[in-house]
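J.: Take this structure, written in structure tokens, and hold onto it; I'll ask about it next.
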There are 10 protein chains.
Amino acid sequence: MTQLYAVRMDVALPPDMDPAARDDLLAREKAYSQRWQRSGHWPHIWRCVGQYANLSVFAVDSNEQLHQILWGLPLFPYMSITVTPLAAHPSDIAQDPAQDGTAHDPAQDGTTAADASSD
Amino acid sequence: MTQLYAVRMDVALPPDMDPAARDDLLAREKAYSQRWQRSGHWPHIWRCVGQYANLSVFAVDSNEQLHQILWGLPLFPYMSITVTPLAAHPSDIAQDPAQDGTAHDPAQDGTTAADASSD
Amino acid sequence: MTQLYAVRMDVALPPDMDPAARDDLLAREKAYSQRWQRSGHWPHIWRCVGQYANLSVFAVDSNEQLHQILWGLPLFPYMSITVTPLAAHPSDIAQDPAQDGTAHDPAQDGTTAADASSD
Amino acid sequence: MTQLYAVRMDVALPPDMDPAARDDLLAREKAYSQRWQRSGHWPHIWRCVGQYANLSVFAVDSNEQLHQILWGLPLFPYMSITVTPLAAHPSDIAQDPAQDGTAHDPAQDGTTAADASSD
Amino acid sequence: MTQLYAVRMDVALPPDMDPAARDDLLAREKAYSQRWQRSGHWPHIWRCVGQYANLSVFAVDSNEQLHQILWGLPLFPYMSITVTPLAAHPSDIAQDPAQDGTAHDPAQDGTTAADASSD
Amino acid sequence: MTQLYAVRMDVALPPDMDPAARDDLLAREKAYSQRWQRSGHWPHIWRCVGQYANLSVFAVDSNEQLHQILWGLPLFPYMSITVTPLAAHPSDIAQDPAQDGTAHDPAQDGTTAADASSD
Amino acid sequence: MTQLYAVRMDVALPPDMDPAARDDLLAREKAYSQRWQRSGHWPHIWRCVGQYANLSVFAVDSNEQLHQILWGLPLFPYMSITVTPLAAHPSDIAQDPAQDGTAHDPAQDGTTAADASSD
Amino acid sequence: MTQLYAVRMDVALPPDMDPAARDDLLAREKAYSQRWQRSGHWPHIWRCVGQYANLSVFAVDSNEQLHQILWGLPLFPYMSITVTPLAAHPSDIAQDPAQDGTAHDPAQDGTTAADASSD
Amino acid sequence: MTQLYAVRMDVALPPDMDPAARDDLLAREKAYSQRWQRSGHWPHIWRCVGQYANLSVFAVDSNEQLHQILWGLPLFPYMSITVTPLAAHPSDIAQDPAQDGTAHDPAQDGTTAADASSD
Amino acid sequence: MTQLYAVRMDVALPPDMDPAARDDLLAREKAYSQRWQRSGHWPHIWRCVGQYANLSVFAVDSNEQLHQILWGLPLFPYMSITVTPLAAHPSDIAQDPAQDGTAHDPAQDGTTAADASSD
């Protein structure tokens, strides 16, 4: 089952990094990122305006897979990363029709059902 | 020109709110949100796991339009909101081919061109 | 596939809450928590010393399931919750033997393999 | 359509930077900034008292253009930047007469109209 | 001598405020703000997108006058305010020609003069 | 008497560390960690997804023993560590039956007994 | 084995609390605190200057006992509490002679011994 | 008109700074500070106990002058500075008699007058 | 021996406080403050611009006396207070001549003497 | 008159410090600390578990003396220090009998006396 995560990555490269090493690192980062984008597991990547940072969305099989992807980033040692697990929102127009069949766990009582249709 | 913004909304309703008023408020919030989703200006809305919060992406014409949409949310008085303006990321596989034509401003020199293909 | 999450829940009940309503709420919380513990999805719950708070570990199928469980907590409207997705640690003695077979994704190169055995 | 953003830039140069490299960097920063000021896209720049920092206002066509300007700053690698998107304020005496014609979006109902005239 | 200050005001009105009292308060706030805008002491007021907040610039004679204006705001008891004193920026194209005559204080040595033309 | 502590360790190695020294350091860290895991004093270690960090649980005799273990970590000089002392949770299904015999201290009055059965 | 913890308690009573209820609460708090002080488990309590707060040191058998004491405080629902587990300091003149016999755990190697005599 | 500002300066010198360069820097800082103290513009300077920091009060003509003084500090590149603009306090026994004549601005109504005599 | 402390007090009165009770409270606060000012123990009180807050300096005999003064403030239950103990600054022109006689404690070695004349 | 202060010191030594210089520094720190402990001015020093940090209590004559002791610490340039002035707590069983004679200041009225016996 595919799951979504919002991931923000802030990059801090040392200003005095060797230019050739920097170029090589950034080329590897770009190629790595684009391979994962083409695989379908990294559907969104946006630049945060005015920041050396991106906000991305990942669609992966598990926490494990997400960690393997992030850990393997060539820029990982220079990044500060925050991970926000995402779920479907009950007001999402794409989710609305399927909403009645999502929950068969032991704790599901009326409270959960009522909440599920709220904001 | 359409622009993207990431918006996180954290909701804090008073626990002792009148249930009928609460239901009415949430019904209006849902209808309002879905009208904007159908208009194409609110393309993504996700629930943040374990939070009464959502992470959304808006595609709007201007800062003004984004503010009007957020200000009009029925839950606005109960929300804490953060707004992150987004731009295309140079490593985005959807942006890559079109990248050579984006910049005709006076300050654009070689540094910008080199940076645009990095990270 | 089962996934792990660390979840910290801080509770803030209004000091002047009606005692009977408070007792009822806490009884429902306890029953709800214990149903999920018996299901195997909530394997650990500890009290944080000196806090009205707990640190828990959840073992669930997905982000969605974790959100449904947390959203359904009777104390949810009174809680501040933080969620940390977990993965296997390469130094975990329970994980070590199985480590060579975890990764078949397109981005997996030598760097990832080397990192997987570190720290 | 022109949009406004407040941008604060905090500068942290290494104290032991080579003086000639520092002078060259600052000269390029000043020239870059003044080119953008003369273009009309950087209408305000103020020094924050007692800080190596400025508060600026930008008037640009889009999030993209703002990012290109900031990313191209010669001091960008030494800066910490915060961006606040701005909109017209309903109490602004310059905005007041034009206020009745700003909103034709699907979600605009009475609530928005009432709010638009408040603080 | 006129001095500039950036002031951010975040408003938090109780959601259950009496509507008539709220309307009256906001009408008084708007009239008060516009009187000061017309006096020339409050040259800029912008809405922060997605926030019940404004960013303003004040041009006043003294710290005292700024405090009297802010303290007198009808919304003052509901606001959280931050004040940033501003000075001319040496790269400001409006300041550049006049820059050579600003400093006659005892501590002004070569260092200050060199710094004044930087960043 | 064995006591539990949650410990989060965030690692920050200098990116330009000598690779052989780094490999040696990480090998010693792994061996040290696994010795303590096999002793039964370090029952859980998980990777925090997307972070060079782990969340661990320690079961030790005392504050002293926990400090000796953490202080001795080969990576200690590169770590930022937070320690949360844990106690049994009254809703824990493993603790429930034994709960009536835990408290014989002078301050134990009815309030404590009532609280002990709540969340 | 007795263990030490530093505990800071910040109190926030509602200013409009009924005076008789407040007096009763504070009398019970004082009696509770003094019973534990006389038991030897609460050896230090100091007022933090200018704060409705105290800094205390507890000497208890376990995390469990500390939690039971704190949870039972009549003011607990009005307090924000931080707990810092303490260990002997290698430079403490009371600890110095006994220092050579503290460690018999599997991970204790030369590094630990060297560290134990530092700072 | 003279205005007051509270300024806190925290100093962070690199521990491995060349001792002669450090001595020279500190000698220049002291001379610079004492010149401004003798001019009457820097009436108070106190050491913050246990910190490499001072809390100072400046009495200057304008924001501009304060910035020129701070920017010129030899230690400026090593300092983190916070600036708090000050005004007369209505309860100050030195201000009380003169209080009735401070305000002739357009927005001054009864509310301001009433507030001016409160804490 | 008289000692100095910087104290910042931020006031948060409930906006819906009874006006007569508020006036009485503020009158008592003002009288209390002025009694201590006249005693010489509260030599400075300034309003922080744009804040319901003051920055004060106290000259008292001890921590105890400072606490008694602050605890007795009629507004104490509505205040958030920070206390910074102050010492003489070695660059203070009023302290300089007397500096050679301040220290006769066992730990005073050459390092302290050298430091005492710096920054 | 002796006064108490709680002081927390967090140490951050560069990991690549020369081992002999580090040993010498730590030996001087230990000797310095123990001299002050033997003088009676540094009655408590505890290690914070899992941290390169200590929590100490100082009993000194004045703010000045405390600053001289801390400033003279050989590790001072590598420490981040927080200072909390302490006073006697009215619930302290050692303070209770002497409590009726502590206050002869002009502002001491019934309110202070009542507060002095509360938590």
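As shown in the structure tokens, the chain order sets the letters A, B, ...; within each chain, residues go from 1, and ligands are also counted from 1 in the order they appear.
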Report as a Markdown table: every residue of chain A with an atom at most 7 Å from chain F, its closest pair of atoms, and their distance in Å to one decimal, counting only C-alpha atoms, with rows sorted by chain and ascending residue number.
T.:
```
| residue | atom | partner | partner_atom | distance |
| --- | --- | --- | --- | --- |
| A:Asn63 | CA | F:Val49 | CA | 6.7 |
| A:His67 | CA | F:Val49 | CA | 5.0 |
| A:Leu70 | CA | F:Gly50 | CA | 5.5 |
| A:Trp71 | CA | F:Gly50 | CA | 6.3 |
| A:Pro77 | CA | F:Pro15 | CA | 6.2 |
| A:Ile81 | CA | F:Gly50 | CA | 6.5 |
| A:Val83 | CA | F:Gly50 | CA | 6.9 |
```
J.: With all heavy atoms kept, could you save the residues just selected as a PDB file, in the first residue's frame?
T.:
```pdb
ATOM      1  N   ASN A  63       7.775   3.180   5.825  1.00  0.00           N
ATOM      2  CA  ASN A  63       8.760   4.015   6.503  1.00  0.00           C
ATOM      3  C   ASN A  63      10.176   3.619   6.081  1.00  0.00           C
ATOM      4  O   ASN A  63      11.032   4.475   5.855  1.00  0.00           O
ATOM      5  CB  ASN A  63       8.647   3.830   8.027  1.00  0.00           C
ATOM      6  CG  ASN A  63       7.423   4.500   8.628  1.00  0.00           C
ATOM      7  OD1 ASN A  63       6.749   5.282   7.959  1.00  0.00           O
ATOM      8  ND2 ASN A  63       7.120   4.183   9.881  1.00  0.00           N
ATOM      9  N   HIS A  67      13.075   5.957   4.386  1.00  0.00           N
ATOM     10  CA  HIS A  67      14.378   6.215   5.000  1.00  0.00           C
ATOM     11  C   HIS A  67      15.526   5.858   4.051  1.00  0.00           C
ATOM     12  O   HIS A  67      16.513   6.598   3.954  1.00  0.00           O
ATOM     13  CB  HIS A  67      14.535   5.452   6.316  1.00  0.00           C
ATOM     14  CG  HIS A  67      15.839   5.776   6.966  1.00  0.00           C
ATOM     15  ND1 HIS A  67      16.115   7.010   7.485  1.00  0.00           N
ATOM     16  CD2 HIS A  67      16.977   5.044   7.136  1.00  0.00           C
ATOM     17  CE1 HIS A  67      17.342   7.038   7.945  1.00  0.00           C
ATOM     18  NE2 HIS A  67      17.883   5.860   7.754  1.00  0.00           N
ATOM     19  N   LEU A  70      15.957   8.688   1.513  1.00  0.00           N
ATOM     20  CA  LEU A  70      16.514   9.929   2.069  1.00  0.00           C
ATOM     21  C   LEU A  70      17.967   9.750   2.492  1.00  0.00           C
ATOM     22  O   LEU A  70      18.828  10.594   2.256  1.00  0.00           O
ATOM     23  CB  LEU A  70      15.660  10.418   3.242  1.00  0.00           C
ATOM     24  CG  LEU A  70      14.230  10.803   2.883  1.00  0.00           C
ATOM     25  CD1 LEU A  70      13.445  11.180   4.145  1.00  0.00           C
ATOM     26  CD2 LEU A  70      14.181  11.952   1.887  1.00  0.00           C
ATOM     27  N   TRP A  71      18.247   8.620   3.120  1.00  0.00           N
ATOM     28  CA  TRP A  71      19.609   8.337   3.590  1.00  0.00           C
ATOM     29  C   TRP A  71      20.591   8.294   2.416  1.00  0.00           C
ATOM     30  O   TRP A  71      21.767   8.656   2.560  1.00  0.00           O
ATOM     31  CB  TRP A  71      19.597   6.993   4.337  1.00  0.00           C
ATOM     32  CG  TRP A  71      20.888   6.615   4.973  1.00  0.00           C
ATOM     33  CD1 TRP A  71      21.887   5.844   4.415  1.00  0.00           C
ATOM     34  CD2 TRP A  71      21.356   6.987   6.270  1.00  0.00           C
ATOM     35  NE1 TRP A  71      22.920   5.716   5.306  1.00  0.00           N
ATOM     36  CE2 TRP A  71      22.622   6.404   6.449  1.00  0.00           C
ATOM     37  CE3 TRP A  71      20.810   7.753   7.310  1.00  0.00           C
ATOM     38  CZ2 TRP A  71      23.365   6.559   7.615  1.00  0.00           C
ATOM     39  CZ3 TRP A  71      21.543   7.913   8.472  1.00  0.00           C
ATOM     40  CH2 TRP A  71      22.801   7.327   8.621  1.00  0.00           C
ATOM     41  N   PRO A  77      24.408  14.433   4.070  1.00  0.00           N
ATOM     42  CA  PRO A  77      25.219  14.950   5.188  1.00  0.00           C
ATOM     43  C   PRO A  77      25.154  16.466   5.359  1.00  0.00           C
ATOM     44  O   PRO A  77      25.587  16.984   6.386  1.00  0.00           O
ATOM     45  CB  PRO A  77      26.653  14.526   4.810  1.00  0.00           C
ATOM     46  CG  PRO A  77      26.501  13.446   3.797  1.00  0.00           C
ATOM     47  CD  PRO A  77      25.235  13.733   3.065  1.00  0.00           C
ATOM     48  N   ILE A  81      16.475  17.709   7.726  1.00  0.00           N
ATOM     49  CA  ILE A  81      15.278  17.146   7.107  1.00  0.00           C
ATOM     50  C   ILE A  81      14.157  17.022   8.134  1.00  0.00           C
ATOM     51  O   ILE A  81      14.396  16.626   9.268  1.00  0.00           O
ATOM     52  CB  ILE A  81      15.599  15.750   6.513  1.00  0.00           C
ATOM     53  CG1 ILE A  81      16.563  15.898   5.338  1.00  0.00           C
ATOM     54  CG2 ILE A  81      14.330  15.023   6.081  1.00  0.00           C
ATOM     55  CD1 ILE A  81      16.985  14.582   4.713  1.00  0.00           C
ATOM     56  N   VAL A  83      10.186  15.278   8.442  1.00  0.00           N
ATOM     57  CA  VAL A  83       9.292  14.320   7.792  1.00  0.00           C
ATOM     58  C   VAL A  83       7.909  14.418   8.430  1.00  0.00           C
ATOM     59  O   VAL A  83       7.796  14.333   9.654  1.00  0.00           O
ATOM     60  CB  VAL A  83       9.842  12.889   7.952  1.00  0.00           C
ATOM     61  CG1 VAL A  83       8.853  11.863   7.421  1.00  0.00           C
ATOM     62  CG2 VAL A  83      11.200  12.749   7.254  1.00  0.00           C
TER      63      VAL A  83
END
```
J.: Any chance you could list, as a ChimeraX atom specification, the residues in segment 13-53 of chain J that come up strand (DSSP E) when DSSP is run on the backbone?
T.: /J:44-48,53
J.: If we count only C-alpha atoms and set the cut-off at 9 Å, which residues sit around His44 of chain G, ignoring sequence neighbours fewer than 6 positions away in its own chain? Please answer as JSON, numbers by chain.
T.: {"G": [37, 55, 56, 57, 58], "J": [92]}
J.: Could you check the closest approach to Phe76 of chain C for each of C:Val11, C:Met17, C:Arg38, C:Gln95 and tell me which residue wins, using only C-alpha atoms?
T.: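 Nearest to Phe76 of chain C: C:Val11.
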J.: To test your reading of the structure, identify every residue in segment 19-76 of chain B that backbone DSSP assigns to helix (DSSP H, G or I), and report it as JSON, numbers by chain.
T.: {"B": [19, 20, 21, 22, 23, 24, 25, 26, 27, 28, 29, 30, 31, 32, 33, 34, 35, 36, 37, 38, 63, 64, 65, 66, 67, 68, 69, 70, 71, 76]}
J.: Which residue is closest to Pro43 of chain C? Choose from C:Glu29, C:Ala21, C:Ser91, C:Tyr5 and count only C-alpha atoms.
T.: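 Of C:Glu29, C:Ala21, C:Ser91, C:Tyr5, the one nearest Pro43 of chain C is C:Tyr5, counting only C-alpha atoms.
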J.: Using only C-alpha atoms, which of the listed residues (G:Leu4, G:Ala53, G:Ala20, G:Ala31) sits closest to Met79 of chain G?
T.: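 Nearest candidate to Met79 of chain G out of G:Leu4, G:Ala53, G:Ala20, G:Ala31: G:Ala53.
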J.: Tell me, as a list in words, which residues lie within 9 Å of Leu73 of chain I, counting only C-alpha atoms; anything in the same chain fewer than 6 positions away does not count.
T.: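 Final neighbour list, sorted by chain and number: Arg28, Glu29, Tyr32 and Ser33 of chain I; Thr112 of chain J.
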